[in-house]
Amino acid sequence: MLITSPNELAAICARLAKHPFVTVDTEFLRETTFWPKLCVIQLASPDEAVAVDALAPGMDLQPFFDLMVNPDVVKVFHAARQDVEIVWHLAKCIPSPLFDSQVAAMVLGYGDSISYDQLVQRTNGTQLDKTSRFTDWSKRPLSEAQIVYAIADVTHLRDVYVKLTGELKKRGRSEWVAEEMGVLTSPETYRQEPERAWERFRNRVRKPRELAVLMDVAAWREREAQARDVPRSRVLKDDNLIDIAMTGPKTAEALGAMRSTPKGWERSRDGAAVVEAVLQGLARDPKTLPAIERHRPQNQAQSATVELLKVMLKMVAEKHHVAAKVIATSDDLDRIAEDDEADVAALKGWRRELFGEMALALKHGKLALAMERGRVVTVERVPAVVIAEA
């Protein structure tokens, strides 16, 4: 069923709100825009499923947004981040309570970032038809094949949700997923603030002067991309941005002399704006700049510790049927090797109970790794007794 009018949408959302959960998906385009262009919304309850034409003339999506923040209805997505970003951009609200089946699948050991069709195959035994995946969802009218494809994404998700929630409850991991939803439901995850655009490149600069220029040029690019509603690369490519930060051209001539600058671009309005942003960056007081994170090279002991932690992580992931990626990242392991109090997810909450405490014990020699019947196991080490010489 395709919803094409505000009255139809209000009626379906009123019916969906009577259920404990709804499954949700969206079809959008963003190849040529900064902000994703919402084209279709799919919704399903245990009783019915619909596709909503978000581009239909006169369509008012407010009933959908109201449903997304209804505290009595769990909103079920797969790989929710981009879908939630769309809702946040359009209505400045975040679907809650939220359940992400990809995160739940990782917690249950289905693999790292498992795709929707793979998850459906493994939980329901159904092979999805994905032939309409890359069609133009902005073109009207929508074809029957597109509508069938779109609705199938939320109907199968109902069965996936029931299956995963049952497994989570049986294995006592429902709270693990609830904890993970904190990041997905935080407005900070979706705010596109120009003043923070430089953070995506924080590891690409080494000097305060470079950082200062990066902060102002990246902020300019972000504002321009948002205002024009075009991808960032249409304004200034990433590599060009870093080159400018490291070179700091103070004049149009200096900007034009850079190898990464397109011929004549320095004389354009954008070129002039970049030079102005560079000068603003260079005028910053170095004392007000954020600290530059300098990754210290690991010594031999730290390198060995990281390698042991990797083995332990794989062992824990296999033993408890949890995706290793969701327990700890490579950066987590590096930082644990350097600091027992590292501010990383692996040393917090359920991850600390599952892996973090063991990781610290291994680091300090209280645990050892050994092979037993072809599998890695941990062995408690008895502290050596030092006998003083008479």
# chains A, B, ... in the order shown; residues from 1 in each chain; ligands from 1
call {"tool": "residues_around", "arguments": {"residues": "Met371 of chain A", "least_positions_apart": "6", "cutoff": "12 Å", "atoms": "only C-alpha atoms", "output": "PyMOL selection string"}}
result
chain A and resi 311-312+315+377-379
call {"tool": "residues_around", "arguments": {"residues": "Arg173 of chain A", "least_positions_apart": "5", "cutoff": "9 Å", "atoms": "only C-alpha atoms", "output": "list in words"}}
result
Ala104, Val107, Leu108, Glu167, Leu168 and Ala178 of chain A
call {"tool": "write_last_selection", "arguments": {"atoms": "N, CA, C and O atoms", "output": "PDB file, in the first residue's frame"}}
result
ATOM      1  N   ALA A 104      22.202  -5.077  17.467  1.00  0.00           N
ATOM      2  CA  ALA A 104      21.784  -6.268  18.213  1.00  0.00           C
ATOM      3  C   ALA A 104      22.437  -7.516  17.637  1.00  0.00           C
ATOM      4  O   ALA A 104      22.879  -8.408  18.378  1.00  0.00           O
ATOM      5  N   VAL A 107      25.988  -7.734  18.821  1.00  0.00           N
ATOM      6  CA  VAL A 107      26.029  -8.149  20.219  1.00  0.00           C
ATOM      7  C   VAL A 107      25.787  -9.653  20.351  1.00  0.00           C
ATOM      8  O   VAL A 107      26.317 -10.305  21.253  1.00  0.00           O
ATOM      9  N   LEU A 108      25.024 -10.205  19.410  1.00  0.00           N
ATOM     10  CA  LEU A 108      24.699 -11.635  19.454  1.00  0.00           C
ATOM     11  C   LEU A 108      25.643 -12.489  18.621  1.00  0.00           C
ATOM     12  O   LEU A 108      25.443 -13.690  18.493  1.00  0.00           O
ATOM     13  N   GLU A 167      16.446 -13.700  21.479  1.00  0.00           N
ATOM     14  CA  GLU A 167      17.814 -14.149  21.765  1.00  0.00           C
ATOM     15  C   GLU A 167      18.468 -13.266  22.826  1.00  0.00           C
ATOM     16  O   GLU A 167      19.168 -13.764  23.716  1.00  0.00           O
ATOM     17  N   LEU A 168      18.260 -11.975  22.724  1.00  0.00           N
ATOM     18  CA  LEU A 168      18.859 -11.051  23.697  1.00  0.00           C
ATOM     19  C   LEU A 168      18.343 -11.332  25.102  1.00  0.00           C
ATOM     20  O   LEU A 168      19.115 -11.350  26.073  1.00  0.00           O
ATOM     21  N   ALA A 178      20.581  -1.768  24.756  1.00  0.00           N
ATOM     22  CA  ALA A 178      20.027  -0.500  25.255  1.00  0.00           C
ATOM     23  C   ALA A 178      21.138   0.509  25.504  1.00  0.00           C
ATOM     24  O   ALA A 178      20.998   1.713  25.214  1.00  0.00           O
TER      25      ALA A 178
END
call {"tool": "residues_around", "arguments": {"residues": "segment 256-258 of chain A", "least_positions_apart": "4", "cutoff": "10 Å", "atoms": "only C-alpha atoms", "output": "PyMOL selection string"}}
result
chain A and resi 240+243-244+247+249+251-252+262-267+271
call {"tool": "closest_residue", "arguments": {"among": "A:Leu157, A:Leu313, A:Val50, A:Leu214", "to": "Arg15 of chain A", "atoms": "only C-alpha atoms"}}
result
A:Val50
call {"tool": "closest_atom_pairs", "arguments": {"of": "segment 85-165 of chain A", "to": "segment 321-337 of chain A", "cutoff": "7 Å", "atoms": "only C-alpha atoms", "output": "tab-separated table"}}
result
residue	atom	partner	partner_atom	distance
A:Met106	CA	A:Ala323	CA	5.0
A:Val107	CA	A:Val322	CA	5.0
A:Leu108	CA	A:Val322	CA	5.2
A:Gly109	CA	A:Val322	CA	3.8
A:Tyr110	CA	A:Ala323	CA	6.9
A:Gly111	CA	A:Ala323	CA	5.2
A:Asp112	CA	A:Ala323	CA	5.5
call {"tool": "residues_around", "arguments": {"residues": "Ala218 of chain A", "least_positions_apart": "5", "cutoff": "9 Å", "atoms": "only C-alpha atoms", "output": "ChimeraX atom specification"}}
result
/A:194-198,213,223,241,277
call {"tool": "write_last_selection", "arguments": {"atoms": "N, CA, C and O atoms", "output": "JSON list (two decimals), in the first residue's frame"}}
result
[["chain", "number", "residue", "atom", "x", "y", "z"],
["A", 194, "PRO", "N", 29.59, 23.68, 11.81],
["A", 194, "PRO", "CA", 30.78, 24.07, 11.04],
["A", 194, "PRO", "C", 32.03, 24.23, 11.90],
["A", 194, "PRO", "O", 33.13, 23.88, 11.47],
["A", 195, "GLU", "N", 31.85, 24.74, 13.13],
["A", 195, "GLU", "CA", 33.01, 24.96, 14.00],
["A", 195, "GLU", "C", 33.69, 23.66, 14.43],
["A", 195, "GLU", "O", 34.80, 23.68, 14.94],
["A", 196, "ARG", "N", 33.02, 22.54, 14.22],
["A", 196, "ARG", "CA", 33.61, 21.25, 14.59],
["A", 196, "ARG", "C", 34.03, 20.43, 13.38],
["A", 196, "ARG", "O", 34.46, 19.28, 13.52],
["A", 197, "ALA", "N", 33.90, 21.00, 12.20],
["A", 197, "ALA", "CA", 34.20, 20.24, 10.98],
["A", 197, "ALA", "C", 35.66, 19.79, 10.92],
["A", 197, "ALA", "O", 35.98, 18.76, 10.33],
["A", 198, "TRP", "N", 36.55, 20.55, 11.54],
["A", 198, "TRP", "CA", 37.98, 20.21, 11.53],
["A", 198, "TRP", "C", 38.27, 18.90, 12.23],
["A", 198, "TRP", "O", 39.30, 18.25, 11.96],
["A", 213, "VAL", "N", 44.69, 27.03, 10.80],
["A", 213, "VAL", "CA", 44.18, 27.23, 9.44],
["A", 213, "VAL", "C", 43.11, 26.19, 9.12],
["A", 213, "VAL", "O", 42.06, 26.52, 8.53],
["A", 223, "ARG", "N", 30.05, 25.43, 6.08],
["A", 223, "ARG", "CA", 28.97, 26.40, 5.93],
["A", 223, "ARG", "C", 28.54, 26.52, 4.47],
["A", 223, "ARG", "O", 27.34, 26.59, 4.17],
["A", 241, "LEU", "N", 41.86, 20.60, 1.06],
["A", 241, "LEU", "CA", 41.69, 21.21, 2.37],
["A", 241, "LEU", "C", 42.93, 20.99, 3.24],
["A", 241, "LEU", "O", 43.43, 21.93, 3.87],
["A", 277, "ALA", "N", 39.80, 32.91, 5.05],
["A", 277, "ALA", "CA", 39.72, 31.93, 6.14],
["A", 277, "ALA", "C", 41.12, 31.57, 6.64],
["A", 277, "ALA", "O", 41.34, 31.39, 7.85]]
call {"tool": "closest_residue", "arguments": {"among": "A:His320, A:His156, A:Lys163, A:Lys310", "to": "Arg351 of chain A", "atoms": "only C-alpha atoms"}}
result
A:His320
call {"tool": "closest_residue", "arguments": {"among": "A:Gly182, A:Gly248, A:Gly356, A:Pro6", "to": "Val52 of chain A", "atoms": "only C-alpha atoms"}}
result
A:Pro6
call {"tool": "residues_around", "arguments": {"residues": "Phe99 of chain A", "least_positions_apart": "2", "cutoff": "8 Å", "atoms": "only C-alpha atoms", "output": "list in words"}}
result
Val74, Lys75, Val76, Phe77, Pro97, Ser101, Ala104, Val177, Ala178 and Met181 of chain A
call {"tool": "residues_around", "arguments": {"residues": "segment 56-71 of chain A", "least_positions_apart": "4", "cutoff": "10 Å", "atoms": "only C-alpha atoms", "output": "count of residues only"}}
result
37
call {"tool": "closest_residue", "arguments": {"among": "A:Asp25, A:Glu210, A:Glu380, A:Glu188", "to": "Pro290 of chain A", "atoms": "only C-alpha atoms"}}
result
A:Glu210
call {"tool": "residues_around", "arguments": {"residues": "Gln146 of chain A", "least_positions_apart": "5", "cutoff": "10 Å", "atoms": "only C-alpha atoms", "output": "PDB file with C-alpha atoms, in the first residue's frame"}}
result
ATOM      1  CA  ALA A  51       5.220   2.830   1.944  1.00  0.00           C
ATOM      2  CA  LYS A 130      17.505  -6.499  -4.048  1.00  0.00           C
ATOM      3  CA  THR A 131      17.106  -5.593  -7.728  1.00  0.00           C
ATOM      4  CA  SER A 132      15.438  -2.254  -6.884  1.00  0.00           C
ATOM      5  CA  ARG A 133      18.098  -1.187  -4.375  1.00  0.00           C
ATOM      6  CA  THR A 135      16.833   2.741  -8.469  1.00  0.00           C
ATOM      7  CA  ASP A 136      16.083   6.477  -8.551  1.00  0.00           C
ATOM      8  CA  TRP A 137      13.740   6.906  -5.588  1.00  0.00           C
ATOM      9  CA  ILE A 151       7.732  -2.648   1.903  1.00  0.00           C
ATOM     10  CA  ALA A 152       9.622  -5.963   2.057  1.00  0.00           C
TER      11      ALA A 152
END
call {"tool": "select_by_dssp", "arguments": {"residues": "segment 59-267 of chain A", "states": "strand (DSSP E)", "output": "list of chain:residue names"}}
result
A:Val74, A:Lys75, A:Val76, A:Phe77, A:Leu98, A:Phe99, A:Asp100
call {"tool": "write_last_selection", "arguments": {"atoms": "all heavy atoms", "output": "tab-separated table (two decimals), in the first residue's frame"}}
result
chain	number	residue	atom	x	y	z
A	74	VAL	N	8.38	1.23	20.31
A	74	VAL	CA	9.78	1.02	19.95
A	74	VAL	C	9.91	1.15	18.43
A	74	VAL	O	9.15	0.54	17.67
A	74	VAL	CB	10.28	-0.36	20.40
A	74	VAL	CG1	11.72	-0.59	19.93
A	74	VAL	CG2	10.20	-0.48	21.92
A	75	LYS	N	10.86	1.97	17.99
A	75	LYS	CA	11.13	2.13	16.56
A	75	LYS	C	12.30	1.23	16.18
A	75	LYS	O	13.40	1.39	16.69
A	75	LYS	CB	11.45	3.58	16.23
A	75	LYS	CG	10.22	4.44	15.95
A	75	LYS	CD	9.27	4.59	17.14
A	75	LYS	CE	9.88	5.47	18.22
A	75	LYS	NZ	8.90	5.79	19.30
A	76	VAL	N	12.05	0.30	15.27
A	76	VAL	CA	13.04	-0.71	14.90
A	76	VAL	C	13.63	-0.36	13.53
A	76	VAL	O	12.90	-0.28	12.54
A	76	VAL	CB	12.41	-2.12	14.86
A	76	VAL	CG1	13.47	-3.16	14.52
A	76	VAL	CG2	11.73	-2.44	16.19
A	77	PHE	N	14.93	-0.16	13.48
A	77	PHE	CA	15.65	0.12	12.24
A	77	PHE	C	16.75	-0.93	12.06
A	77	PHE	O	17.13	-1.62	13.00
A	77	PHE	CB	16.34	1.48	12.29
A	77	PHE	CG	15.43	2.67	12.34
A	77	PHE	CD1	14.88	3.10	13.54
A	77	PHE	CD2	15.15	3.40	11.19
A	77	PHE	CE1	14.08	4.22	13.61
A	77	PHE	CE2	14.34	4.52	11.24
A	77	PHE	CZ	13.80	4.93	12.45
A	98	LEU	N	14.53	3.37	20.64
A	98	LEU	CA	15.11	2.92	19.37
A	98	LEU	C	15.72	1.53	19.53
A	98	LEU	O	16.30	1.21	20.57
A	98	LEU	CB	16.19	3.92	18.94
A	98	LEU	CG	16.92	3.67	17.62
A	98	LEU	CD1	15.98	3.89	16.44
A	98	LEU	CD2	18.12	4.60	17.51
A	99	PHE	N	15.60	0.72	18.49
A	99	PHE	CA	16.24	-0.59	18.44
A	99	PHE	C	16.89	-0.72	17.07
A	99	PHE	O	16.22	-0.59	16.04
A	99	PHE	CB	15.22	-1.71	18.65
A	99	PHE	CG	15.82	-3.10	18.65
A	99	PHE	CD1	16.20	-3.69	19.85
A	99	PHE	CD2	15.99	-3.81	17.48
A	99	PHE	CE1	16.74	-4.98	19.87
A	99	PHE	CE2	16.53	-5.09	17.48
A	99	PHE	CZ	16.90	-5.68	18.68
A	100	ASP	N	18.20	-0.97	17.06
A	100	ASP	CA	18.94	-1.15	15.81
A	100	ASP	C	19.30	-2.62	15.67
A	100	ASP	O	20.09	-3.16	16.45
A	100	ASP	CB	20.21	-0.29	15.83
A	100	ASP	CG	20.92	-0.26	14.48
A	100	ASP	OD1	20.88	-1.28	13.77
A	100	ASP	OD2	21.52	0.77	14.14
call {"tool": "atom_distance", "arguments": {"atom1": "atom CA of Phe21 of chain A", "atom2": "atom CA of Thr185 of chain A"}}
result
16.7 Å
call {"tool": "closest_residue", "arguments": {"among": "A:Asp285, A:Ala219, A:Glu179, A:Val376", "to": "Trp350 of chain A", "atoms": "only C-alpha atoms"}}
result
A:Glu179
call {"tool": "closest_residue", "arguments": {"among": "A:Ala345, A:Ala370, A:Trp220, A:Ala245", "to": "Arg232 of chain A", "atoms": "only C-alpha atoms"}}
result
A:Trp220
